[in-house]
Amino acid sequence: MDTETTDLTLDTPAGAAAAHLAAPVGAGSAGPGGGGPAVLVLHAWWGLNDDFRRWCDDLAAAGFTALAPDLFGGRVATTVDEADALRRTVPHDTARAIVEAARDELLARTGRDAVAVVGASLGAGWAVELAEADPAHVDAVVLYYGAAEAEWSRLRARVLHHFGDRDEMDPLEYVEQMQQAMVDAGLDATLEVYPGAEHWFAEPGRPEHHPEHAATAWARTVAFLGG
C-alpha cells in the first residue's frame, strides 16, 4: 500500500510539540490522515527516534493512520543513562498535554470516535494512563514491554501486551500479575510472552532487538488493531 508521511506541530497547553504522521495515500484531503483506523504511537524513553517513526510508517502500510508525538522536544537518547536523565527533564503534565493533543489531532483527522494506542516501555505507561483517563476515546491498547498500574476497571479498551521472559526491567512475575488484574477487572486482555527476549526487543535500533520475535509481535499487533 502506498503511504505518505509528514511532520507536523501540535498545539498544546504546554507549548508546541512535534509529531510524525503516516497514512495511506489519499486517506485525507488535507495531507496524510483522515478515514481509516487511527493509531497513536507513544515512544520509549529514547525519544521519537527512527524506530518509532518507522512503526508509524509500517502501520500506514497496513492501512492505518498513525501519529507519534515527540514527548521530548526533539531530544533523543542512545544509552540507558541518557534516556533515564532525559525523561526526568519532562514534567508529567507537559507529557500528558502532548499525548492528549496528539489524541485530539488523530481523532480530528480521521473522524473516528476512538483511537488505538501502541506504546513501548515508557510509552506503554502513557498508553495505559490515557486509556484509564479517557476510556470513551481509547478502544484498543498494545503494550510493548511496559508494565503499569491502573484502576483497570476504568478501561474500556481491548489490551494486547508483549513481554520477553528475560526482561530485567519488568519481571515476568509482575507482568503476569498485571495480566490477571486486567482479567479480574473484566478486560479483554491478552499477554504474549517471547522466550529469550529482553526489554526493547522489538526496536531494530537497540542491541536487544530480536528480529524473529519482533516480527511475530508486529504481526500480532497489526492483526489485533484490525480486529
# chains A, B, ... in the order shown; residues from 1 in each chain; ligands from 1
>>> residues_around(residues="range 54-56 of chain A", least_positions_apart="6", cutoff="8 Å", atoms="only C-alpha atoms", output="CSV table (one decimal) with C-alpha atoms, in the first residue's frame")
chain,number,residue,atom,x,y,z
A,20,HIS,CA,5.2,12.3,12.9
A,21,LEU,CA,2.2,11.3,10.9
A,22,ALA,CA,1.9,8.5,8.4
A,41,VAL,CA,2.2,5.6,18.8
A,65,THR,CA,-3.4,6.4,10.1
A,66,ALA,CA,-0.6,6.6,12.7
A,67,LEU,CA,0.6,9.6,14.7
A,68,ALA,CA,3.6,9.6,17.0
>>> residues_around(residues="Asp50 in chain A", least_positions_apart="5", cutoff="12 Å", atoms="only C-alpha atoms", output="list in words")
His20, His43, Ala44, Trp55, Cys56, Asp57, Asp58, Ala68, Asp70, Gly74, Val76, Ala77, Thr78, Glu203, Pro204, Gly205 and Arg206 of chain A
>>> write_last_selection(atoms="N, CA and C atoms", output="short mmCIF file (atom, residue, chain, number, x, y, z; two decimals), in the first residue's frame")
data_model
loop_
_atom_site.label_atom_id
_atom_site.label_comp_id
_atom_site.auth_asym_id
_atom_site.auth_seq_id
_atom_site.Cartn_x
_atom_site.Cartn_y
_atom_site.Cartn_z
N HIS A 20 5.07 12.93 14.21
CA HIS A 20 5.24 12.28 12.92
C HIS A 20 3.94 11.58 12.56
N HIS A 43 6.35 6.69 22.08
CA HIS A 43 7.72 6.19 22.07
C HIS A 43 8.24 5.82 23.44
N ALA A 44 9.32 5.04 23.44
CA ALA A 44 10.03 4.68 24.67
C ALA A 44 10.86 5.87 25.14
N TRP A 55 7.65 2.65 12.98
CA TRP A 55 6.42 1.99 13.42
C TRP A 55 5.21 2.68 12.78
N CYS A 56 5.21 4.00 12.79
CA CYS A 56 4.11 4.73 12.16
C CYS A 56 4.03 4.41 10.67
N ASP A 57 5.18 4.44 10.00
CA ASP A 57 5.21 4.18 8.56
C ASP A 57 4.71 2.78 8.24
N ASP A 58 5.10 1.81 9.06
CA ASP A 58 4.67 0.43 8.83
C ASP A 58 3.17 0.26 9.11
N ALA A 68 2.71 9.77 15.89
CA ALA A 68 3.63 9.62 17.02
C ALA A 68 4.07 11.00 17.49
N ASP A 70 6.18 13.72 19.77
CA ASP A 70 7.51 13.78 20.37
C ASP A 70 7.36 14.36 21.78
N GLY A 74 12.38 16.92 20.59
CA GLY A 74 13.41 16.68 19.59
C GLY A 74 14.67 16.03 20.13
N VAL A 76 16.92 13.05 21.66
CA VAL A 76 16.95 11.59 21.54
C VAL A 76 18.15 11.06 22.31
N ALA A 77 17.93 9.98 23.06
CA ALA A 77 18.99 9.32 23.82
C ALA A 77 19.36 8.01 23.16
N THR A 78 20.57 7.57 23.39
CA THR A 78 21.01 6.28 22.84
C THR A 78 21.46 5.30 23.92
N GLU A 203 12.67 -3.20 18.90
CA GLU A 203 13.23 -1.98 18.30
C GLU A 203 14.53 -2.30 17.57
N PRO A 204 14.53 -2.19 16.23
CA PRO A 204 15.72 -2.55 15.44
C PRO A 204 16.97 -1.76 15.81
N GLY A 205 16.81 -0.57 16.34
CA GLY A 205 17.96 0.24 16.68
C GLY A 205 18.63 -0.12 17.99
N ARG A 206 18.07 -1.09 18.71
CA ARG A 206 18.62 -1.46 20.01
C ARG A 206 19.39 -2.77 19.93
#
>>> select_by_dssp(residues="range 118-199 of chain A", states="strand (DSSP E or B)", output="ChimeraX atom specification")
/A:118-120,138-144,158-164,189-194
>>> select_by_dssp(residues="range 22-192 of chain A", states="helix (DSSP H, G or I)", output="VMD selection string")
chain A and resid 50 to 61 80 to 87 92 to 110 122 to 133 135 to 137 152 to 154 172 to 184
>>> atom_distance(atom1="CA of Tyr145 in chain A", atom2="CA of Ala60 in chain A")
22.5 Å
>>> closest_residue(among="A:Ala16, A:Phe64, A:Arg88, A:His161", to="Asp2 in chain A", atoms="only C-alpha atoms")
A:Phe64
>>> residues_around(residues="range 211-225 of chain A", least_positions_apart="4", cutoff="8 Å", atoms="only C-alpha atoms", output="list of chain:residue names")
A:Leu59, A:Ala62, A:Ala116, A:Ala140, A:Val142, A:Leu160, A:His162, A:Tyr194, A:Ala197, A:Phe201, A:Ala202, A:Glu203, A:Pro204
>>> closest_residue(among="A:Ala97, A:Ala127, A:Met1, A:Ala14", to="Asp139 in chain A", atoms="only C-alpha atoms")
A:Ala127
>>> residues_around(residues="Arg156 in chain A", least_positions_apart="3", cutoff="9 Å", atoms="only C-alpha atoms", output="list in words")
Ala131, Glu132, Pro135, Ala136, Val138, Asp139, Ala140, Trp152, Ser153, Leu187 and Asp188 of chain A
>>> write_last_selection(atoms="N, CA, C and O atoms", output="short mmCIF file (atom, residue, chain, number, x, y, z; two decimals), in the first residue's frame")
data_model
loop_
_atom_site.label_atom_id
_atom_site.label_comp_id
_atom_site.auth_asym_id
_atom_site.auth_seq_id
_atom_site.Cartn_x
_atom_site.Cartn_y
_atom_site.Cartn_z
N ALA A 131 -5.76 5.54 28.41
CA ALA A 131 -6.92 4.66 28.34
C ALA A 131 -7.74 4.68 29.63
O ALA A 131 -8.96 4.52 29.60
N GLU A 132 -7.07 4.89 30.74
CA GLU A 132 -7.76 4.98 32.04
C GLU A 132 -8.47 6.32 32.19
O GLU A 132 -9.61 6.38 32.66
N PRO A 135 -11.51 6.67 28.75
CA PRO A 135 -11.94 5.39 28.20
C PRO A 135 -12.86 5.50 27.00
O PRO A 135 -12.88 4.61 26.14
N ALA A 136 -13.58 6.60 26.87
CA ALA A 136 -14.51 6.76 25.76
C ALA A 136 -13.80 6.92 24.43
O ALA A 136 -14.39 6.65 23.37
N VAL A 138 -10.50 5.66 23.75
CA VAL A 138 -9.43 4.68 23.53
C VAL A 138 -10.06 3.30 23.51
O VAL A 138 -10.56 2.83 24.53
N ASP A 139 -10.05 2.66 22.34
CA ASP A 139 -10.73 1.36 22.24
C ASP A 139 -9.79 0.17 22.12
O ASP A 139 -10.25 -0.98 22.13
N ALA A 140 -8.50 0.41 22.01
CA ALA A 140 -7.54 -0.69 21.96
C ALA A 140 -6.18 -0.18 22.44
O ALA A 140 -5.82 0.97 22.16
N TRP A 152 -7.93 -0.77 36.65
CA TRP A 152 -8.20 -1.42 35.38
C TRP A 152 -9.69 -1.43 35.03
O TRP A 152 -10.04 -1.45 33.84
N SER A 153 -10.55 -1.38 36.01
CA SER A 153 -11.98 -1.40 35.72
C SER A 153 -12.45 -0.15 35.00
O SER A 153 -13.54 -0.12 34.42
N LEU A 187 -11.49 -7.04 31.63
CA LEU A 187 -10.95 -6.59 30.35
C LEU A 187 -10.67 -7.77 29.42
O LEU A 187 -10.36 -8.88 29.86
N ASP A 188 -10.79 -7.50 28.14
CA ASP A 188 -10.35 -8.43 27.10
C ASP A 188 -8.85 -8.21 26.93
O ASP A 188 -8.43 -7.30 26.21
#
>>> closest_residue(among="A:Leu48, A:Val25, A:Asp134, A:Gln179", to="Ala114 in chain A", atoms="only C-alpha atoms")
A:Asp134
>>> atom_distance(atom1="CA of Ala150 in chain A", atom2="CA of Ala181 in chain A")
9.4 Å
>>> decode(residues="range 77-216 of chain A", atoms="C-alpha atoms", output="PDB file, in the first residue's frame")
ATOM      1  CA  ALA A  77      18.988   9.324  23.818  1.00  0.00           C
ATOM      2  CA  THR A  78      21.012   6.282  22.844  1.00  0.00           C
ATOM      3  CA  THR A  79      22.112   4.903  26.227  1.00  0.00           C
ATOM      4  CA  VAL A  80      20.110   3.897  29.282  1.00  0.00           C
ATOM      5  CA  ASP A  81      21.733   6.602  31.411  1.00  0.00           C
ATOM      6  CA  GLU A  82      20.971   9.269  28.803  1.00  0.00           C
ATOM      7  CA  ALA A  83      17.390   8.111  28.462  1.00  0.00           C
ATOM      8  CA  ASP A  84      16.803   7.997  32.200  1.00  0.00           C
ATOM      9  CA  ALA A  85      18.154  11.532  32.543  1.00  0.00           C
ATOM     10  CA  LEU A  86      16.154  12.763  29.563  1.00  0.00           C
ATOM     11  CA  ARG A  87      12.794  11.517  30.785  1.00  0.00           C
ATOM     12  CA  ARG A  88      13.343  13.279  34.108  1.00  0.00           C
ATOM     13  CA  THR A  89      13.576  16.644  32.338  1.00  0.00           C
ATOM     14  CA  VAL A  90       9.988  16.485  31.073  1.00  0.00           C
ATOM     15  CA  PRO A  91       7.277  17.289  33.636  1.00  0.00           C
ATOM     16  CA  HIS A  92       4.426  14.819  33.843  1.00  0.00           C
ATOM     17  CA  ASP A  93       1.863  17.497  32.986  1.00  0.00           C
ATOM     18  CA  THR A  94       3.819  18.505  29.891  1.00  0.00           C
ATOM     19  CA  ALA A  95       3.992  14.956  28.559  1.00  0.00           C
ATOM     20  CA  ARG A  96       0.334  14.381  29.322  1.00  0.00           C
ATOM     21  CA  ALA A  97      -0.651  17.554  27.465  1.00  0.00           C
ATOM     22  CA  ILE A  98       1.283  16.357  24.400  1.00  0.00           C
ATOM     23  CA  VAL A  99      -0.304  12.893  24.499  1.00  0.00           C
ATOM     24  CA  GLU A 100      -3.785  14.394  24.781  1.00  0.00           C
ATOM     25  CA  ALA A 101      -3.143  16.866  21.964  1.00  0.00           C
ATOM     26  CA  ALA A 102      -1.950  14.011  19.755  1.00  0.00           C
ATOM     27  CA  ARG A 103      -5.113  12.059  20.554  1.00  0.00           C
ATOM     28  CA  ASP A 104      -7.239  15.060  19.620  1.00  0.00           C
ATOM     29  CA  GLU A 105      -5.314  15.613  16.381  1.00  0.00           C
ATOM     30  CA  LEU A 106      -5.736  11.986  15.376  1.00  0.00           C
ATOM     31  CA  LEU A 107      -9.457  11.953  16.165  1.00  0.00           C
ATOM     32  CA  ALA A 108      -9.969  15.137  14.166  1.00  0.00           C
ATOM     33  CA  ARG A 109      -8.016  13.894  11.155  1.00  0.00           C
ATOM     34  CA  THR A 110      -9.672  10.513  10.965  1.00  0.00           C
ATOM     35  CA  GLY A 111     -13.182  11.383  12.047  1.00  0.00           C
ATOM     36  CA  ARG A 112     -13.108   8.349  14.315  1.00  0.00           C
ATOM     37  CA  ASP A 113     -14.785   8.138  17.714  1.00  0.00           C
ATOM     38  CA  ALA A 114     -11.765   6.478  19.341  1.00  0.00           C
ATOM     39  CA  VAL A 115      -8.098   5.692  18.793  1.00  0.00           C
ATOM     40  CA  ALA A 116      -5.932   2.676  19.412  1.00  0.00           C
ATOM     41  CA  VAL A 117      -2.712   3.323  21.317  1.00  0.00           C
ATOM     42  CA  VAL A 118       0.573   1.474  20.828  1.00  0.00           C
ATOM     43  CA  GLY A 119       3.146   2.252  23.495  1.00  0.00           C
ATOM     44  CA  ALA A 120       6.658   0.970  24.166  1.00  0.00           C
ATOM     45  CA  SER A 121       8.145   0.897  27.669  1.00  0.00           C
ATOM     46  CA  LEU A 122       7.673   4.471  28.939  1.00  0.00           C
ATOM     47  CA  GLY A 123       5.144   4.971  26.154  1.00  0.00           C
ATOM     48  CA  ALA A 124       3.229   1.931  27.363  1.00  0.00           C
ATOM     49  CA  GLY A 125       2.738   3.663  30.692  1.00  0.00           C
ATOM     50  CA  TRP A 126       1.313   6.666  28.883  1.00  0.00           C
ATOM     51  CA  ALA A 127      -0.937   4.391  26.825  1.00  0.00           C
ATOM     52  CA  VAL A 128      -2.448   2.942  29.986  1.00  0.00           C
ATOM     53  CA  GLU A 129      -2.815   6.357  31.600  1.00  0.00           C
ATOM     54  CA  LEU A 130      -4.665   7.711  28.574  1.00  0.00           C
ATOM     55  CA  ALA A 131      -6.917   4.659  28.337  1.00  0.00           C
ATOM     56  CA  GLU A 132      -7.763   4.976  32.035  1.00  0.00           C
ATOM     57  CA  ALA A 133      -8.364   8.738  31.954  1.00  0.00           C
ATOM     58  CA  ASP A 134     -10.312   8.796  28.686  1.00  0.00           C
ATOM     59  CA  PRO A 135     -11.935   5.385  28.198  1.00  0.00           C
ATOM     60  CA  ALA A 136     -14.511   6.757  25.764  1.00  0.00           C
ATOM     61  CA  HIS A 137     -11.827   7.641  23.221  1.00  0.00           C
ATOM     62  CA  VAL A 138      -9.428   4.681  23.527  1.00  0.00           C
ATOM     63  CA  ASP A 139     -10.732   1.362  22.240  1.00  0.00           C
ATOM     64  CA  ALA A 140      -7.538  -0.694  21.961  1.00  0.00           C
ATOM     65  CA  VAL A 141      -4.137  -0.678  23.663  1.00  0.00           C
ATOM     66  CA  VAL A 142      -0.945  -2.501  22.686  1.00  0.00           C
ATOM     67  CA  LEU A 143       1.839  -2.547  25.258  1.00  0.00           C
ATOM     68  CA  TYR A 144       5.386  -3.420  24.319  1.00  0.00           C
ATOM     69  CA  TYR A 145       7.394  -4.333  27.448  1.00  0.00           C
ATOM     70  CA  GLY A 146       5.739  -1.709  29.588  1.00  0.00           C
ATOM     71  CA  ALA A 147       4.178  -2.670  32.902  1.00  0.00           C
ATOM     72  CA  ALA A 148       1.841  -0.200  34.558  1.00  0.00           C
ATOM     73  CA  GLU A 149      -0.532   0.235  37.448  1.00  0.00           C
ATOM     74  CA  ALA A 150      -4.077   1.381  36.882  1.00  0.00           C
ATOM     75  CA  GLU A 151      -7.627   1.160  38.080  1.00  0.00           C
ATOM     76  CA  TRP A 152      -8.205  -1.419  35.379  1.00  0.00           C
ATOM     77  CA  SER A 153     -11.984  -1.404  35.722  1.00  0.00           C
ATOM     78  CA  ARG A 154     -11.993   2.127  34.301  1.00  0.00           C
ATOM     79  CA  LEU A 155     -10.607   0.979  30.952  1.00  0.00           C
ATOM     80  CA  ARG A 156     -12.898   0.050  28.078  1.00  0.00           C
ATOM     81  CA  ALA A 157     -10.144  -0.908  25.672  1.00  0.00           C
ATOM     82  CA  ARG A 158      -9.046  -4.324  24.474  1.00  0.00           C
ATOM     83  CA  VAL A 159      -5.442  -4.925  25.539  1.00  0.00           C
ATOM     84  CA  LEU A 160      -2.568  -6.828  23.954  1.00  0.00           C
ATOM     85  CA  HIS A 161       0.805  -6.810  25.682  1.00  0.00           C
ATOM     86  CA  HIS A 162       4.144  -8.190  24.551  1.00  0.00           C
ATOM     87  CA  PHE A 163       6.897  -9.141  27.016  1.00  0.00           C
ATOM     88  CA  GLY A 164      10.114 -11.125  26.912  1.00  0.00           C
ATOM     89  CA  ASP A 165      10.832 -13.686  29.596  1.00  0.00           C
ATOM     90  CA  ARG A 166      14.334 -12.227  30.030  1.00  0.00           C
ATOM     91  CA  ASP A 167      13.087  -8.693  30.691  1.00  0.00           C
ATOM     92  CA  GLU A 168      15.040  -7.390  33.692  1.00  0.00           C
ATOM     93  CA  MET A 169      13.091  -4.117  33.896  1.00  0.00           C
ATOM     94  CA  ASP A 170       9.641  -5.694  34.116  1.00  0.00           C
ATOM     95  CA  PRO A 171       9.928  -9.220  35.555  1.00  0.00           C
ATOM     96  CA  LEU A 172       7.512 -11.745  34.120  1.00  0.00           C
ATOM     97  CA  GLU A 173       6.031 -12.481  37.552  1.00  0.00           C
ATOM     98  CA  TYR A 174       4.862  -8.874  37.837  1.00  0.00           C
ATOM     99  CA  VAL A 175       3.599  -8.848  34.250  1.00  0.00           C
ATOM    100  CA  GLU A 176       1.541 -11.977  34.894  1.00  0.00           C
ATOM    101  CA  GLN A 177       0.046 -10.317  37.975  1.00  0.00           C
ATOM    102  CA  MET A 178      -0.863  -7.299  35.828  1.00  0.00           C
ATOM    103  CA  GLN A 179      -2.495  -9.583  33.280  1.00  0.00           C
ATOM    104  CA  GLN A 180      -4.547 -11.274  35.991  1.00  0.00           C
ATOM    105  CA  ALA A 181      -5.622  -7.900  37.383  1.00  0.00           C
ATOM    106  CA  MET A 182      -6.856  -6.907  33.919  1.00  0.00           C
ATOM    107  CA  VAL A 183      -8.800 -10.139  33.527  1.00  0.00           C
ATOM    108  CA  ASP A 184     -10.253  -9.802  37.025  1.00  0.00           C
ATOM    109  CA  ALA A 185     -11.451  -6.322  36.056  1.00  0.00           C
ATOM    110  CA  GLY A 186     -13.300  -7.786  33.091  1.00  0.00           C
ATOM    111  CA  LEU A 187     -10.946  -6.593  30.350  1.00  0.00           C
ATOM    112  CA  ASP A 188     -10.350  -8.429  27.103  1.00  0.00           C
ATOM    113  CA  ALA A 189      -6.599  -8.760  27.695  1.00  0.00           C
ATOM    114  CA  THR A 190      -4.032 -10.978  26.002  1.00  0.00           C
ATOM    115  CA  LEU A 191      -0.458 -11.482  27.210  1.00  0.00           C
ATOM    116  CA  GLU A 192       2.138 -12.721  24.729  1.00  0.00           C
ATOM    117  CA  VAL A 193       5.458 -13.885  26.154  1.00  0.00           C
ATOM    118  CA  TYR A 194       8.562 -14.267  23.958  1.00  0.00           C
ATOM    119  CA  PRO A 195      11.199 -16.791  25.090  1.00  0.00           C
ATOM    120  CA  GLY A 196      14.687 -15.339  25.352  1.00  0.00           C
ATOM    121  CA  ALA A 197      13.545 -11.783  24.592  1.00  0.00           C
ATOM    122  CA  GLU A 198      14.714  -8.791  26.605  1.00  0.00           C
ATOM    123  CA  HIS A 199      13.310  -5.305  27.141  1.00  0.00           C
ATOM    124  CA  TRP A 200      13.258  -3.305  23.866  1.00  0.00           C
ATOM    125  CA  PHE A 201      13.334  -6.497  21.780  1.00  0.00           C
ATOM    126  CA  ALA A 202      11.032  -5.003  19.132  1.00  0.00           C
ATOM    127  CA  GLU A 203      13.227  -1.984  18.304  1.00  0.00           C
ATOM    128  CA  PRO A 204      15.721  -2.551  15.440  1.00  0.00           C
ATOM    129  CA  GLY A 205      17.964   0.242  16.679  1.00  0.00           C
ATOM    130  CA  ARG A 206      18.618  -1.463  20.011  1.00  0.00           C
ATOM    131  CA  PRO A 207      21.186  -4.200  20.753  1.00  0.00           C
ATOM    132  CA  GLU A 208      18.373  -6.128  22.496  1.00  0.00           C
ATOM    133  CA  HIS A 209      16.494  -6.382  19.209  1.00  0.00           C
ATOM    134  CA  HIS A 210      15.247  -9.890  18.459  1.00  0.00           C
ATOM    135  CA  PRO A 211      14.232  -9.921  14.774  1.00  0.00           C
ATOM    136  CA  GLU A 212      12.135 -13.088  14.888  1.00  0.00           C
ATOM    137  CA  HIS A 213      10.182 -12.154  17.996  1.00  0.00           C
ATOM    138  CA  ALA A 214       9.834  -8.563  16.810  1.00  0.00           C
ATOM    139  CA  ALA A 215       8.280  -9.747  13.547  1.00  0.00           C
ATOM    140  CA  THR A 216       5.888 -12.064  15.366  1.00  0.00           C
TER     141      THR A 216
END
